[in-house]
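*Asks:* Okay, handing you the structure first.
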Amino acid sequence: MTDPGDAVLFDARDDGIAIITLNRPDTRNCLSKEVRAGLFAAWDRFERDPASRVAILTGTGTAFCAGGDLKEMVDTGMAVPPREMFPVPYDTVELSKPTIAAVNGLAYAGGWMIAQACDLCVAATTARFAVTEVKVGRASPWAAPLIHMIPQRIMMEILLTGKPIDARRAYEIGLVNRLAEPEALLDAALTLAGEILAGAPLSVRAARDTVLLATEMGRSAALRAARHAAEACYLSEDAQEGPKAFAQKRIPRWRER
């Protein structure tokens with residue numbers, strides 16, 4: 001594997017939040033070999049660290065991520081990219097914890113892909129999003145899950161034209177959860193992460209599983225699967241601690257068991 005060096009930075013904070021930063025602003029944080037290797041390593045570190053419960057993915061400079069490394073594609077004559085080539089959360093990277101994309105600038109093609117793959121998205125008001133593959137003769141099969149996030153006709157226009165949308169439009173169509181001024185972007189992402197951390201860990205996991213099950217299945221099957229997924233939460237010590245703390249008017253002490 002390529003040595004990622006400092007292409008991707010990892011900051012494990014004391015509050016349970018891990019900040020993962022794409023750090024190649026000179027190439028607009030494109031998904032070069034070293035950035036891909038760094039991202040794979042960072043996601044693995046996050047998943048394995050029990051103290052890190054939520055991850056924020058962002059970038060340095062004026063871009064979040066400009067997409068794949070087109071020069072590499074030319075040099076290698078790349079046809080169909082290997083499925084395991086790109087570090088896509090919950091796809092080629094196995095994760096069980098929530099993630100937030102903090103989109104600080106343009107997120108084009110592969111940049112949109114990794115932002116889309118995160119559970120939640122906060123964007124700077126100056127951010128721009130585009131699925132530009134039609135502009136360079138490539139394809140975007142990774143965009144298929146968008147149909148569960150935005151309306152079909154809007155998705156069709158975005159993919160067929162390759163034209164960018166601004167952060168406000170991304171928010172209006174439901175791609176982005178929250179907007180923030182550029183200087184306040186990380187604080188906005190940290191606030192959202194903090195709101196997740198305030199919940200009981202097993203409850204958060206069950207809630208996330210419920211959303212994913214509902215996305216993948218029909219109504220009846222999703223209800224059955226979600227009830228099963230929730231049992232570990234209901235049967236936990238935390239499920240007793242929460243009501244007890246509420247009755248005693250104190251902050252719950254979550255033990256994640």
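Naming works like this for the structure tokens: A, B, ... for the chains as they're shown, residue 1 at the start of each chain, ligands 1 onward in shown order.
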List as a PDB file with C-alpha atoms, in the first residue's frame the protein and nucleic acid residues near Pro89 (chain A), meaning an atom at most 9 Å away when only C-alpha atoms are counted, but skip any in the same chain fewer than 3 places from it.
*Replies:*
```pdb
ATOM      1  CA  TRP A  43     -11.387   5.016   8.545  1.00  0.00           C
ATOM      2  CA  THR A  92     -15.607  -0.553   0.585  1.00  0.00           C
ATOM      3  CA  VAL A  93     -14.901   0.518   4.172  1.00  0.00           C
ATOM      4  CA  GLU A  94     -16.700  -1.315   6.967  1.00  0.00           C
ATOM      5  CA  LEU A  95     -17.946   1.127   9.587  1.00  0.00           C
ATOM      6  CA  THR A  99     -20.017   9.865  10.074  1.00  0.00           C
ATOM      7  CA  ILE A 114     -17.467  10.226  -0.331  1.00  0.00           C
ATOM      8  CA  ALA A 117     -21.551   8.038   1.599  1.00  0.00           C
ATOM      9  CA  CYS A 118     -21.316   9.709   5.018  1.00  0.00           C
ATOM     10  CA  ASP A 119     -24.428   9.526   7.196  1.00  0.00           C
TER      11      ASP A 119
END
```
*Asks:* Using DSSP secondary structure from the backbone, list all alpha helix (DSSP H) positions within region 62-169 of chain A, as a compact mmCIF listing (two decimals) with N, CA and C atoms, in the first residue's frame.
*Replies:*
```
# COMPACT_ATOMS: atom_id res chain seq x y z
N LEU A 70 -7.46 12.25 -12.33
CA LEU A 70 -7.59 12.03 -13.77
C LEU A 70 -6.24 11.74 -14.43
N LYS A 71 -5.18 12.34 -13.90
CA LYS A 71 -3.85 12.07 -14.45
C LYS A 71 -3.49 10.60 -14.28
N GLU A 72 -3.81 10.05 -13.10
CA GLU A 72 -3.56 8.64 -12.85
C GLU A 72 -4.36 7.77 -13.82
N MET A 73 -5.61 8.16 -14.08
CA MET A 73 -6.44 7.40 -14.99
C MET A 73 -5.85 7.39 -16.40
N VAL A 74 -5.29 8.53 -16.82
CA VAL A 74 -4.65 8.61 -18.14
C VAL A 74 -3.39 7.76 -18.17
N ASP A 75 -2.56 7.91 -17.15
CA ASP A 75 -1.28 7.20 -17.11
C ASP A 75 -1.46 5.68 -17.08
N THR A 76 -2.52 5.22 -16.41
CA THR A 76 -2.74 3.77 -16.27
C THR A 76 -3.70 3.22 -17.31
N GLY A 110 -15.82 12.02 -7.41
CA GLY A 110 -15.47 11.22 -6.24
C GLY A 110 -15.59 11.97 -4.94
N GLY A 111 -15.47 13.30 -4.99
CA GLY A 111 -15.68 14.10 -3.79
C GLY A 111 -17.13 14.07 -3.35
N TRP A 112 -18.04 14.17 -4.33
CA TRP A 112 -19.47 14.00 -4.03
C TRP A 112 -19.69 12.59 -3.49
N MET A 113 -19.04 11.60 -4.10
CA MET A 113 -19.22 10.20 -3.71
C MET A 113 -18.93 9.99 -2.23
N ILE A 114 -17.80 10.49 -1.73
CA ILE A 114 -17.47 10.23 -0.33
C ILE A 114 -18.30 11.08 0.62
N ALA A 115 -18.72 12.27 0.16
CA ALA A 115 -19.63 13.08 0.99
C ALA A 115 -21.00 12.42 1.07
N GLN A 116 -21.48 11.91 -0.06
CA GLN A 116 -22.77 11.22 -0.11
C GLN A 116 -22.76 9.99 0.78
N ALA A 117 -21.63 9.29 0.85
CA ALA A 117 -21.55 8.04 1.60
C ALA A 117 -21.61 8.25 3.10
N GLN A 152 -36.20 11.96 -7.92
CA GLN A 152 -35.68 11.33 -9.13
C GLN A 152 -35.34 12.32 -10.23
N ARG A 153 -36.21 13.26 -10.50
CA ARG A 153 -35.95 14.18 -11.61
C ARG A 153 -34.75 15.09 -11.31
N ILE A 154 -34.58 15.44 -10.06
CA ILE A 154 -33.42 16.25 -9.71
C ILE A 154 -32.15 15.43 -9.87
N MET A 155 -32.18 14.18 -9.41
CA MET A 155 -31.03 13.29 -9.59
C MET A 155 -30.72 13.11 -11.07
N MET A 156 -31.75 12.94 -11.88
CA MET A 156 -31.55 12.77 -13.31
C MET A 156 -30.84 13.96 -13.92
N GLU A 157 -31.27 15.16 -13.57
CA GLU A 157 -30.65 16.36 -14.12
C GLU A 157 -29.20 16.49 -13.67
N ILE A 158 -28.94 16.22 -12.40
CA ILE A 158 -27.57 16.33 -11.89
C ILE A 158 -26.64 15.38 -12.62
N LEU A 159 -27.07 14.14 -12.82
CA LEU A 159 -26.21 13.14 -13.46
C LEU A 159 -26.09 13.35 -14.96
N LEU A 160 -27.18 13.76 -15.62
CA LEU A 160 -27.16 13.90 -17.07
C LEU A 160 -26.44 15.14 -17.55
N THR A 161 -26.46 16.21 -16.74
CA THR A 161 -25.82 17.46 -17.18
C THR A 161 -24.41 17.63 -16.62
N ALA A 167 -24.35 25.23 -2.50
CA ALA A 167 -24.67 24.66 -1.19
C ALA A 167 -26.14 24.88 -0.84
N ARG A 168 -26.68 26.03 -1.17
CA ARG A 168 -28.08 26.31 -0.87
C ARG A 168 -29.00 25.34 -1.59
N ARG A 169 -28.71 25.07 -2.87
CA ARG A 169 -29.52 24.12 -3.62
C ARG A 169 -29.36 22.70 -3.05
```
*Asks:* Residues near region 193-198 of chain A, anyone? I mean within 9 Å using only C-alpha atoms, not counting same-chain ones fewer than 4 positions away, as JSON, numbers by chain.
*Replies:* {"A": [15, 16, 17, 53, 54, 55, 56, 98, 99, 100, 188, 189, 204]}
*Asks:* Got time to write the residues from that selection, C-alpha atoms, as a short mmCIF file (atom, residue, chain, number, x, y, z; two decimals), in the first residue's frame?
*Replies:*
```
data_model
loop_
_atom_site.label_atom_id
_atom_site.label_comp_id
_atom_site.auth_asym_id
_atom_site.auth_seq_id
_atom_site.Cartn_x
_atom_site.Cartn_y
_atom_site.Cartn_z
CA ASP A 15 -14.82 14.23 23.41
CA GLY A 16 -15.40 11.11 21.30
CA ILE A 17 -15.15 12.89 17.94
CA ARG A 53 -17.87 7.48 18.41
CA VAL A 54 -18.46 9.96 15.58
CA ALA A 55 -16.18 10.94 12.70
CA ILE A 56 -16.11 14.21 10.76
CA PRO A 98 -21.90 7.62 12.47
CA THR A 99 -20.02 9.87 10.07
CA ILE A 100 -20.45 13.49 9.07
CA ALA A 188 -21.32 23.39 12.94
CA ALA A 189 -20.13 19.84 12.28
CA VAL A 204 -27.79 5.75 18.41
#
```
*Asks:* Can you work out which one of A:Ala124, A:Ile165, A:Thr210, A:Pro151 has the shortest atom-to-atom distance to Arg178 (chain A), counting only C-alpha atoms?
*Replies:*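 Among the listed residues, the smallest separation from Arg178 (chain A) belongs to A:Ala124.
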*Asks:* Need to verify the contact set: Ala7 (chain A), 10 Å, only C-alpha atoms, exclusion of same-chain residues closer than 3 positions in sequence. Can you return it as a PyMOL selection string?
*Replies:* chain A and resi 3-4+21-25+29+32-39
*Asks:* What does the file look like for those residues with C-alpha atoms, as a PDB file, in the first residue's frame?
*Replies:*
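Wrote part-v5.pdb, looks like this:
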```
ATOM      1  CA  ASP A   3       2.571   5.377   2.203  1.00  0.00           C
ATOM      2  CA  PRO A   4      -0.075   8.037   2.888  1.00  0.00           C
ATOM      3  CA  THR A  21      -8.924  15.798   7.061  1.00  0.00           C
ATOM      4  CA  LEU A  22      -7.943  15.416   3.408  1.00  0.00           C
ATOM      5  CA  ASN A  23      -4.670  17.296   3.257  1.00  0.00           C
ATOM      6  CA  ARG A  24      -3.582  17.801  -0.338  1.00  0.00           C
ATOM      7  CA  PRO A  25      -4.914  21.299  -1.097  1.00  0.00           C
ATOM      8  CA  ASN A  29      -7.631  16.903  -2.322  1.00  0.00           C
ATOM      9  CA  SER A  32      -4.735  10.152  -5.501  1.00  0.00           C
ATOM     10  CA  LYS A  33      -3.046   6.941  -4.372  1.00  0.00           C
ATOM     11  CA  GLU A  34      -1.679   8.563  -1.228  1.00  0.00           C
ATOM     12  CA  VAL A  35      -5.013  10.161  -0.317  1.00  0.00           C
ATOM     13  CA  ARG A  36      -6.831   6.887  -0.878  1.00  0.00           C
ATOM     14  CA  ALA A  37      -4.316   5.024   1.279  1.00  0.00           C
ATOM     15  CA  GLY A  38      -4.565   7.676   3.967  1.00  0.00           C
ATOM     16  CA  LEU A  39      -8.356   7.522   3.972  1.00  0.00           C
TER      17      LEU A  39
END
```
*Asks:* So, with only C-alpha atoms as the atoms that count, which of A:Arg253, A:Arg224, A:Arg205, A:Arg219 lies closest to Glu237 (chain A)?
*Replies:*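 Smallest separation from Glu237 (chain A) among the options: A:Arg253.
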*Asks:* Please extract the residues of region 11-243 of chain A with a backbone DSSP assignment of strand (DSSP E or B) and present them as an mmCIF file with N, CA and C atoms, in the first residue's frame.
*Replies:*
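Full text of out-v4.cif as output:
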```cif
data_model
loop_
_atom_site.group_PDB
_atom_site.id
_atom_site.type_symbol
_atom_site.label_atom_id
_atom_site.label_comp_id
_atom_site.auth_asym_id
_atom_site.auth_seq_id
_atom_site.Cartn_x
_atom_site.Cartn_y
_atom_site.Cartn_z
ATOM 1 N N ASP A 11 -7.358 13.315 13.802
ATOM 2 C CA ASP A 11 -7.341 13.949 15.117
ATOM 3 C C ASP A 11 -8.391 13.275 15.993
ATOM 4 N N ALA A 12 -7.945 12.451 16.938
ATOM 5 C CA ALA A 12 -8.852 11.787 17.870
ATOM 6 C C ALA A 12 -9.011 12.690 19.084
ATOM 7 N N ILE A 17 -15.056 12.518 19.352
ATOM 8 C CA ILE A 17 -15.152 12.889 17.939
ATOM 9 C C ILE A 17 -13.784 12.741 17.284
ATOM 10 N N ALA A 18 -13.744 12.081 16.141
ATOM 11 C CA ALA A 18 -12.518 11.982 15.341
ATOM 12 C C ALA A 18 -12.679 12.880 14.114
ATOM 13 N N ILE A 19 -11.682 13.718 13.853
ATOM 14 C CA ILE A 19 -11.716 14.587 12.677
ATOM 15 C C ILE A 19 -10.701 14.052 11.662
ATOM 16 N N ILE A 20 -11.199 13.699 10.490
ATOM 17 C CA ILE A 20 -10.369 13.180 9.405
ATOM 18 C C ILE A 20 -10.305 14.255 8.329
ATOM 19 N N THR A 21 -9.091 14.664 7.968
ATOM 20 C CA THR A 21 -8.924 15.798 7.061
ATOM 21 C C THR A 21 -8.108 15.417 5.840
ATOM 22 N N LEU A 22 -8.693 15.588 4.653
ATOM 23 C CA LEU A 22 -7.943 15.416 3.408
ATOM 24 C C LEU A 22 -6.967 16.584 3.303
ATOM 25 N N LEU A 31 -8.523 12.255 -5.177
ATOM 26 C CA LEU A 31 -8.327 10.926 -4.607
ATOM 27 C C LEU A 31 -7.141 10.204 -5.253
ATOM 28 N N VAL A 54 -17.967 9.275 16.780
ATOM 29 C CA VAL A 54 -18.458 9.963 15.580
ATOM 30 C C VAL A 54 -17.248 10.508 14.833
ATOM 31 N N ALA A 55 -17.274 10.400 13.498
ATOM 32 C CA ALA A 55 -16.177 10.944 12.697
ATOM 33 C C ALA A 55 -16.682 12.080 11.820
ATOM 34 N N ILE A 56 -15.844 13.099 11.669
ATOM 35 C CA ILE A 56 -16.105 14.209 10.755
ATOM 36 C C ILE A 56 -15.047 14.161 9.662
ATOM 37 N N LEU A 57 -15.483 14.155 8.410
ATOM 38 C CA LEU A 57 -14.569 14.154 7.265
ATOM 39 C C LEU A 57 -14.614 15.522 6.608
ATOM 40 N N THR A 58 -13.442 16.147 6.450
ATOM 41 C CA THR A 58 -13.374 17.466 5.828
ATOM 42 C C THR A 58 -12.094 17.575 5.010
ATOM 43 N N GLY A 59 -11.815 18.764 4.471
ATOM 44 C CA GLY A 59 -10.625 18.959 3.658
ATOM 45 C C GLY A 59 -9.943 20.270 3.969
ATOM 46 N N ALA A 63 -11.052 23.268 -1.453
ATOM 47 C CA ALA A 63 -11.817 22.126 -1.955
ATOM 48 C C ALA A 63 -12.000 21.087 -0.854
ATOM 49 N N PHE A 64 -13.158 20.449 -0.867
ATOM 50 C CA PHE A 64 -13.356 19.248 -0.054
ATOM 51 C C PHE A 64 -12.649 18.093 -0.754
ATOM 52 N N CYS A 65 -13.036 17.827 -1.980
ATOM 53 C CA CYS A 65 -12.364 16.814 -2.791
ATOM 54 C C CYS A 65 -12.818 16.992 -4.235
ATOM 55 N N GLY A 68 -11.661 11.896 -8.501
ATOM 56 C CA GLY A 68 -10.560 10.985 -8.812
ATOM 57 C C GLY A 68 -9.370 11.701 -9.436
ATOM 58 N N PRO A 89 -17.136 5.064 2.734
ATOM 59 C CA PRO A 89 -17.723 4.615 4.000
ATOM 60 C C PRO A 89 -18.946 3.726 3.790
ATOM 61 N N VAL A 93 -15.430 0.379 2.814
ATOM 62 C CA VAL A 93 -14.901 0.518 4.172
ATOM 63 C C VAL A 93 -15.999 0.101 5.146
ATOM 64 N N THR A 99 -20.990 8.997 10.730
ATOM 65 C CA THR A 99 -20.017 9.865 10.074
ATOM 66 C C THR A 99 -20.702 11.117 9.551
ATOM 67 N N ILE A 100 -19.943 12.208 9.550
ATOM 68 C CA ILE A 100 -20.451 13.493 9.067
ATOM 69 C C ILE A 100 -19.458 14.051 8.057
ATOM 70 N N ALA A 101 -19.923 14.402 6.871
ATOM 71 C CA ALA A 101 -19.085 15.114 5.912
ATOM 72 C C ALA A 101 -19.213 16.602 6.187
ATOM 73 N N ALA A 102 -18.084 17.275 6.373
ATOM 74 C CA ALA A 102 -18.066 18.727 6.529
ATOM 75 C C ALA A 102 -17.444 19.288 5.256
ATOM 76 N N VAL A 103 -18.289 19.640 4.299
ATOM 77 C CA VAL A 103 -17.841 20.002 2.955
ATOM 78 C C VAL A 103 -17.450 21.469 2.925
ATOM 79 N N LEU A 106 -15.497 22.748 -3.001
ATOM 80 C CA LEU A 106 -16.108 21.926 -4.042
ATOM 81 C C LEU A 106 -15.994 20.436 -3.733
ATOM 82 N N ALA A 107 -17.062 19.727 -4.039
ATOM 83 C CA ALA A 107 -17.118 18.270 -3.906
ATOM 84 C C ALA A 107 -17.621 17.740 -5.243
ATOM 85 N N TYR A 108 -16.683 17.401 -6.105
ATOM 86 C CA TYR A 108 -17.029 16.967 -7.452
ATOM 87 C C TYR A 108 -16.725 15.481 -7.624
ATOM 88 N N LEU A 120 -24.325 11.929 7.414
ATOM 89 C CA LEU A 120 -24.847 13.292 7.472
ATOM 90 C C LEU A 120 -23.895 14.225 6.754
ATOM 91 N N CYS A 121 -24.385 15.398 6.382
ATOM 92 C CA CYS A 121 -23.537 16.351 5.653
ATOM 93 C C CYS A 121 -23.816 17.776 6.106
ATOM 94 N N VAL A 122 -22.750 18.467 6.474
ATOM 95 C CA VAL A 122 -22.793 19.897 6.767
ATOM 96 C C VAL A 122 -21.935 20.574 5.699
ATOM 97 N N ALA A 123 -22.411 21.654 5.143
ATOM 98 C CA ALA A 123 -21.675 22.296 4.046
ATOM 99 C C ALA A 123 -21.474 23.779 4.306
ATOM 100 N N ALA A 124 -20.320 24.277 3.887
ATOM 101 C CA ALA A 124 -20.080 25.714 3.892
ATOM 102 C C ALA A 124 -20.967 26.351 2.834
ATOM 103 N N ARG A 128 -19.685 23.703 -3.366
ATOM 104 C CA ARG A 128 -20.371 23.354 -4.620
ATOM 105 C C ARG A 128 -20.272 21.850 -4.822
ATOM 106 N N PHE A 129 -21.327 21.281 -5.376
ATOM 107 C CA PHE A 129 -21.402 19.846 -5.574
ATOM 108 C C PHE A 129 -21.668 19.552 -7.052
ATOM 109 N N ALA A 130 -21.030 18.500 -7.572
ATOM 110 C CA ALA A 130 -21.309 18.115 -8.956
ATOM 111 C C ALA A 130 -20.919 16.658 -9.179
ATOM 112 N N ILE A 165 -24.147 22.272 -8.470
ATOM 113 C CA ILE A 165 -25.171 22.969 -7.696
ATOM 114 C C ILE A 165 -24.477 23.607 -6.500
ATOM 115 N N ASP A 166 -25.016 24.725 -6.049
ATOM 116 C CA ASP A 166 -24.392 25.386 -4.902
ATOM 117 C C ASP A 166 -24.913 24.787 -3.598
ATOM 118 N N ARG A 178 -27.175 20.684 7.070
ATOM 119 C CA ARG A 178 -27.037 22.016 7.642
ATOM 120 C C ARG A 178 -26.033 22.835 6.847
ATOM 121 N N LEU A 179 -26.251 24.139 6.803
ATOM 122 C CA LEU A 179 -25.329 25.076 6.162
ATOM 123 C C LEU A 179 -24.636 25.922 7.226
ATOM 124 N N ALA A 180 -23.423 26.363 6.906
ATOM 125 C CA ALA A 180 -22.681 27.235 7.820
ATOM 126 C C ALA A 180 -21.765 28.132 6.999
#
```
*Asks:* Using only C-alpha atoms, which protein or nucleic acid residues come within 7 Å of region 133-145 of chain A? Drop anything in the same chain fewer than 2 positions from it, and give the result as a PyMOL selection string.
*Replies:* chain A and resi 109+113+131+147-148+160+162
*Asks:* From the options A:Ala221, A:Val176, A:Ala232, A:Met149, which residue's atoms come nearest to Thr125 (chain A), counting only C-alpha atoms?
*Replies:*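 Closest candidate: A:Val176.
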*Asks:* So which one's closest to Ala229 (chain A), A:Ser52, A:Thr191, A:Gln248, A:Ser203? Using only C-alpha atoms, please.
*Replies:*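 The answer is A:Ser203, which sits nearest to Ala229 (chain A).
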